[in-house]
Amino acid sequence: MSNAQVPVRNEPRHKNVFENKYLRLLDVHIAPGDTSLFHIHATPSFFLIFTSTTVGAQIAGKDWAIAQNVAGDSWYTSFLNDTLIHRVTNCDTVPFHVTDMEILNSYTNGRPIKPLPVDVLLENEKVLAYGLRNSSLDQKVISKRGPIIAQLVEGDQILVHDQKTKKTKEIKKGGHLYIEPQSSFYFTAVGEGKIYLVLVEIK
């Protein structure tokens, strides 16, 4: 079995869509009936689910475990003292979409950073994660923060307005955008539907 194990960043269904010195974002799509290779998680990671999909996971040497993932669920695992070797299969009739954001380096080097005044999903020594919905997007300026990955779980499109460059970028459903540290920006929604935007800030 050892020959089949690969670092998660080298598993074919885990696409490296962004990487810098702070983080590596792996975008994972598994089609119905498909199964990933056994792969190794050994880097602190934030996971975000985009689809409500029934999946199975098998830790190396153990039986399969089946679970229902729900769009919008997220969690953090350090993996520092508990490296994980597993594979994942899609037991459903719809695609499975999740991202694995590996935390590579800190930004503030231990200096305290206060959470934004929005819904905090989690906070630890590595990251702050936030969940923003429609009422949190009303052109409220965010500035002087660490590196941020913004990912849109629900809603067709979000616009990100950079106050320094006066440029606007878009995030579509299932997509992401990296926001440079010390940026000054705000979000607006496109359309009238429900929005769920997840921000992950490197501390």
# chains A, B, ... in the order shown; residues from 1 in each chain; ligands from 1
$ select_by_dssp --residues "stretch 1-168 of chain A" --states "helix (DSSP H, G or I)" --output "PyMOL selection string"
chain A and resi 2-4+8-10+134-137
$ write_last_selection --atoms "C-alpha atoms" --output "compact mmCIF listing (two decimals), in the first residue's frame"
# COMPACT_ATOMS: atom_id res chain seq x y z
CA SER A 2 2.91 2.38 0.67
CA ASN A 3 3.60 2.72 -3.06
CA ALA A 4 0.10 4.15 -3.54
CA VAL A 8 -2.14 15.37 -0.70
CA ARG A 9 -0.80 18.10 -3.01
CA ASN A 10 0.18 15.35 -5.52
CA ASN A 134 -25.97 39.06 3.05
CA SER A 135 -26.19 41.46 5.99
CA SER A 136 -22.40 41.32 6.49
CA LEU A 137 -21.64 42.42 2.93
$ residues_around --residues "A:Tyr178" --least-positions-apart "4" --cutoff "7 Å" --atoms "only C-alpha atoms" --output "PDB file with C-alpha atoms, in the first residue's frame"
ATOM      1  CA  ILE A 148      -7.025  36.176   3.208  1.00  0.00           C
ATOM      2  CA  ILE A 149      -8.616  33.560   0.976  1.00  0.00           C
ATOM      3  CA  ALA A 150     -12.281  34.348   0.215  1.00  0.00           C
TER       4      ALA A 150
END
$ closest_residue --among "A:Leu84, A:Leu152, A:Ile195, A:Ile40" --to "A:Gly174" --atoms "only C-alpha atoms"
A:Leu152
$ residues_around --residues "A:Thr54" --least-positions-apart "4" --cutoff "12 Å" --atoms "only C-alpha atoms" --output "list in words"
Ile30, Ala31, Pro32, Gly33, Ile49, Ala65, Ile66, Ala67, Gln68, Asn69, Val70, Ala71, Val88, Thr89, Asn90, Cys91, Asp92, Thr93, Val94, Pro95, Phe96 and His97 of chain A
$ write_last_selection --atoms "N, CA and C atoms" --output "JSON list (two decimals), in the first residue's frame"
[["chain", "number", "residue", "atom", "x", "y", "z"],
["A", 30, "ILE", "N", -14.49, 15.36, -6.82],
["A", 30, "ILE", "CA", -14.57, 13.91, -7.00],
["A", 30, "ILE", "C", -15.93, 13.59, -7.60],
["A", 31, "ALA", "N", -15.92, 12.98, -8.77],
["A", 31, "ALA", "CA", -17.16, 12.65, -9.48],
["A", 31, "ALA", "C", -17.88, 11.49, -8.80],
["A", 32, "PRO", "N", -19.20, 11.36, -9.01],
["A", 32, "PRO", "CA", -19.94, 10.22, -8.46],
["A", 32, "PRO", "C", -19.28, 8.89, -8.85],
["A", 33, "GLY", "N", -19.05, 8.04, -7.86],
["A", 33, "GLY", "CA", -18.45, 6.74, -8.11],
["A", 33, "GLY", "C", -16.93, 6.73, -8.17],
["A", 49, "ILE", "N", -16.45, 22.66, 2.79],
["A", 49, "ILE", "CA", -17.31, 21.85, 1.93],
["A", 49, "ILE", "C", -18.21, 22.75, 1.09],
["A", 65, "ALA", "N", -15.72, 4.46, 6.23],
["A", 65, "ALA", "CA", -16.72, 5.16, 7.02],
["A", 65, "ALA", "C", -17.49, 6.09, 6.09],
["A", 66, "ILE", "N", -18.81, 6.02, 6.14],
["A", 66, "ILE", "CA", -19.67, 6.80, 5.25],
["A", 66, "ILE", "C", -20.25, 7.97, 6.02],
["A", 67, "ALA", "N", -20.27, 9.15, 5.39],
["A", 67, "ALA", "CA", -20.80, 10.34, 6.05],
["A", 67, "ALA", "C", -21.47, 11.25, 5.03],
["A", 68, "GLN", "N", -22.41, 12.06, 5.51],
["A", 68, "GLN", "CA", -23.08, 13.05, 4.68],
["A", 68, "GLN", "C", -22.44, 14.40, 4.92],
["A", 69, "ASN", "N", -21.76, 14.92, 3.92],
["A", 69, "ASN", "CA", -21.19, 16.26, 4.01],
["A", 69, "ASN", "C", -22.24, 17.29, 3.65],
["A", 70, "VAL", "N", -22.19, 18.44, 4.28],
["A", 70, "VAL", "CA", -23.17, 19.50, 4.07],
["A", 70, "VAL", "C", -22.45, 20.76, 3.59],
["A", 71, "ALA", "N", -22.96, 21.36, 2.52],
["A", 71, "ALA", "CA", -22.36, 22.58, 1.98],
["A", 71, "ALA", "C", -22.28, 23.65, 3.06],
["A", 88, "VAL", "N", -10.71, 8.92, -0.33],
["A", 88, "VAL", "CA", -12.10, 9.37, -0.28],
["A", 88, "VAL", "C", -12.82, 8.92, -1.53],
["A", 89, "THR", "N", -14.06, 8.45, -1.36],
["A", 89, "THR", "CA", -14.88, 8.04, -2.49],
["A", 89, "THR", "C", -16.20, 8.79, -2.47],
["A", 90, "ASN", "N", -16.75, 9.06, -3.63],
["A", 90, "ASN", "CA", -18.04, 9.73, -3.75],
["A", 90, "ASN", "C", -19.12, 8.67, -3.91],
["A", 91, "CYS", "N", -19.96, 8.51, -2.88],
["A", 91, "CYS", "CA", -21.03, 7.51, -2.89],
["A", 91, "CYS", "C", -22.34, 8.05, -3.43],
["A", 92, "ASP", "N", -22.34, 9.29, -3.86],
["A", 92, "ASP", "CA", -23.57, 9.99, -4.22],
["A", 92, "ASP", "C", -23.76, 10.02, -5.73],
["A", 93, "THR", "N", -24.83, 10.71, -6.15],
["A", 93, "THR", "CA", -25.11, 10.87, -7.59],
["A", 93, "THR", "C", -24.75, 12.27, -8.07],
["A", 94, "VAL", "N", -24.21, 13.09, -7.16],
["A", 94, "VAL", "CA", -23.79, 14.45, -7.50],
["A", 94, "VAL", "C", -22.31, 14.60, -7.18],
["A", 95, "PRO", "N", -21.59, 15.52, -7.85],
["A", 95, "PRO", "CA", -20.17, 15.70, -7.58],
["A", 95, "PRO", "C", -19.90, 16.15, -6.15],
["A", 96, "PHE", "N", -18.72, 15.83, -5.67],
["A", 96, "PHE", "CA", -18.26, 16.25, -4.35],
["A", 96, "PHE", "C", -17.19, 17.32, -4.54],
["A", 97, "HIS", "N", -17.36, 18.46, -3.87],
["A", 97, "HIS", "CA", -16.43, 19.59, -3.99],
["A", 97, "HIS", "C", -16.04, 20.05, -2.59]]
$ residues_around --residues "A:Met101" --least-positions-apart "3" --cutoff "10 Å" --atoms "only C-alpha atoms" --output "number ranges by chain"
A: 16, 18-19, 23-27, 43-48, 76, 98, 104, 149, 200
$ residues_around --residues "A:Val160" --least-positions-apart "4" --cutoff "7 Å" --atoms "only C-alpha atoms" --output "list of chain:residue names"
A:Thr168, A:Lys169, A:Glu170, A:Phe185, A:Tyr186, A:Phe187, A:Thr188
$ write_last_selection --atoms "C-alpha atoms" --output "compact mmCIF listing (two decimals), in the first residue's frame"
# COMPACT_ATOMS: atom_id res chain seq x y z
CA THR A 168 -13.14 45.22 -8.82
CA LYS A 169 -12.73 41.45 -8.91
CA GLU A 170 -15.37 38.75 -8.87
CA PHE A 185 -11.60 46.35 0.43
CA TYR A 186 -15.30 45.63 0.70
CA PHE A 187 -17.76 43.12 -0.76
CA THR A 188 -21.02 43.53 -2.62
$ residues_around --residues "A:Ile113" --least-positions-apart "4" --cutoff "9 Å" --atoms "only C-alpha atoms" --output "tab-separated table (two decimals) with C-alpha atoms, in the first residue's frame"
chain	number	residue	atom	x	y	z
A	108	THR	CA	2.12	38.16	12.18
A	145	ARG	CA	-5.57	42.40	7.82
A	146	GLY	CA	-3.39	39.40	7.16
A	203	LYS	CA	-2.44	34.96	11.56
$ residues_around --residues "A:Gly175" --least-positions-apart "4" --cutoff "8 Å" --atoms "only C-alpha atoms" --output "ChimeraX atom specification"
/A:151-153,171
$ write_last_selection --atoms "N, CA and C atoms" --output "tab-separated table (two decimals), in the first residue's frame"
chain	number	residue	atom	x	y	z
A	151	GLN	N	-13.85	32.52	-0.21
A	151	GLN	CA	-14.45	31.44	-1.00
A	151	GLN	C	-15.96	31.53	-0.91
A	152	LEU	N	-16.63	31.48	-2.06
A	152	LEU	CA	-18.08	31.64	-2.12
A	152	LEU	C	-18.76	30.27	-2.16
A	153	VAL	N	-19.47	29.94	-1.08
A	153	VAL	CA	-20.17	28.66	-0.96
A	153	VAL	C	-21.57	28.75	-1.53
A	171	ILE	N	-15.90	36.87	-7.48
A	171	ILE	CA	-15.82	35.49	-7.00
A	171	ILE	C	-17.14	34.83	-7.37
$ atom_distance --atom1 "atom CA of A:Gly191" --atom2 "atom CA of A:Asp156"
7.6 Å
$ select_by_dssp --residues "stretch 96-151 of chain A" --states "strand (DSSP E)" --output "number ranges by chain"
A: 96-103, 119-123, 127-133, 142-143, 148-151
$ write_last_selection --atoms "C-alpha atoms" --output "CSV table (one decimal), in the first residue's frame"
chain,number,residue,atom,x,y,z
A,96,PHE,CA,-18.3,16.2,-4.4
A,97,HIS,CA,-16.4,19.6,-4.0
A,98,VAL,CA,-14.2,20.6,-1.1
A,99,THR,CA,-11.1,22.7,-0.6
A,100,ASP,CA,-8.1,22.0,1.6
A,101,MET,CA,-6.2,25.1,2.5
A,102,GLU,CA,-2.8,24.2,3.8
A,103,ILE,CA,-1.2,26.7,6.2
A,119,ASP,CA,-19.4,35.7,12.5
A,120,VAL,CA,-16.2,33.9,13.6
A,121,LEU,CA,-16.3,30.2,12.5
A,122,LEU,CA,-13.0,29.3,14.3
A,123,GLU,CA,-9.9,30.8,15.7
A,127,VAL,CA,-6.0,31.1,11.3
A,128,LEU,CA,-9.2,33.1,11.8
A,129,ALA,CA,-12.2,31.9,9.7
A,130,TYR,CA,-15.3,33.9,9.2
A,131,GLY,CA,-18.7,33.3,7.7
A,132,LEU,CA,-20.3,36.3,5.9
A,133,ARG,CA,-23.9,36.4,4.8
A,142,ILE,CA,-12.1,45.7,5.8
A,143,SER,CA,-8.5,46.9,6.1
A,148,ILE,CA,-7.0,36.2,3.2
A,149,ILE,CA,-8.6,33.6,1.0
A,150,ALA,CA,-12.3,34.3,0.2
A,151,GLN,CA,-14.4,31.4,-1.0
$ closest_residue --among "A:Gln163, A:Thr51, A:Asn105, A:Gln139" --to "A:Ile202" --atoms "only C-alpha atoms"
A:Asn105
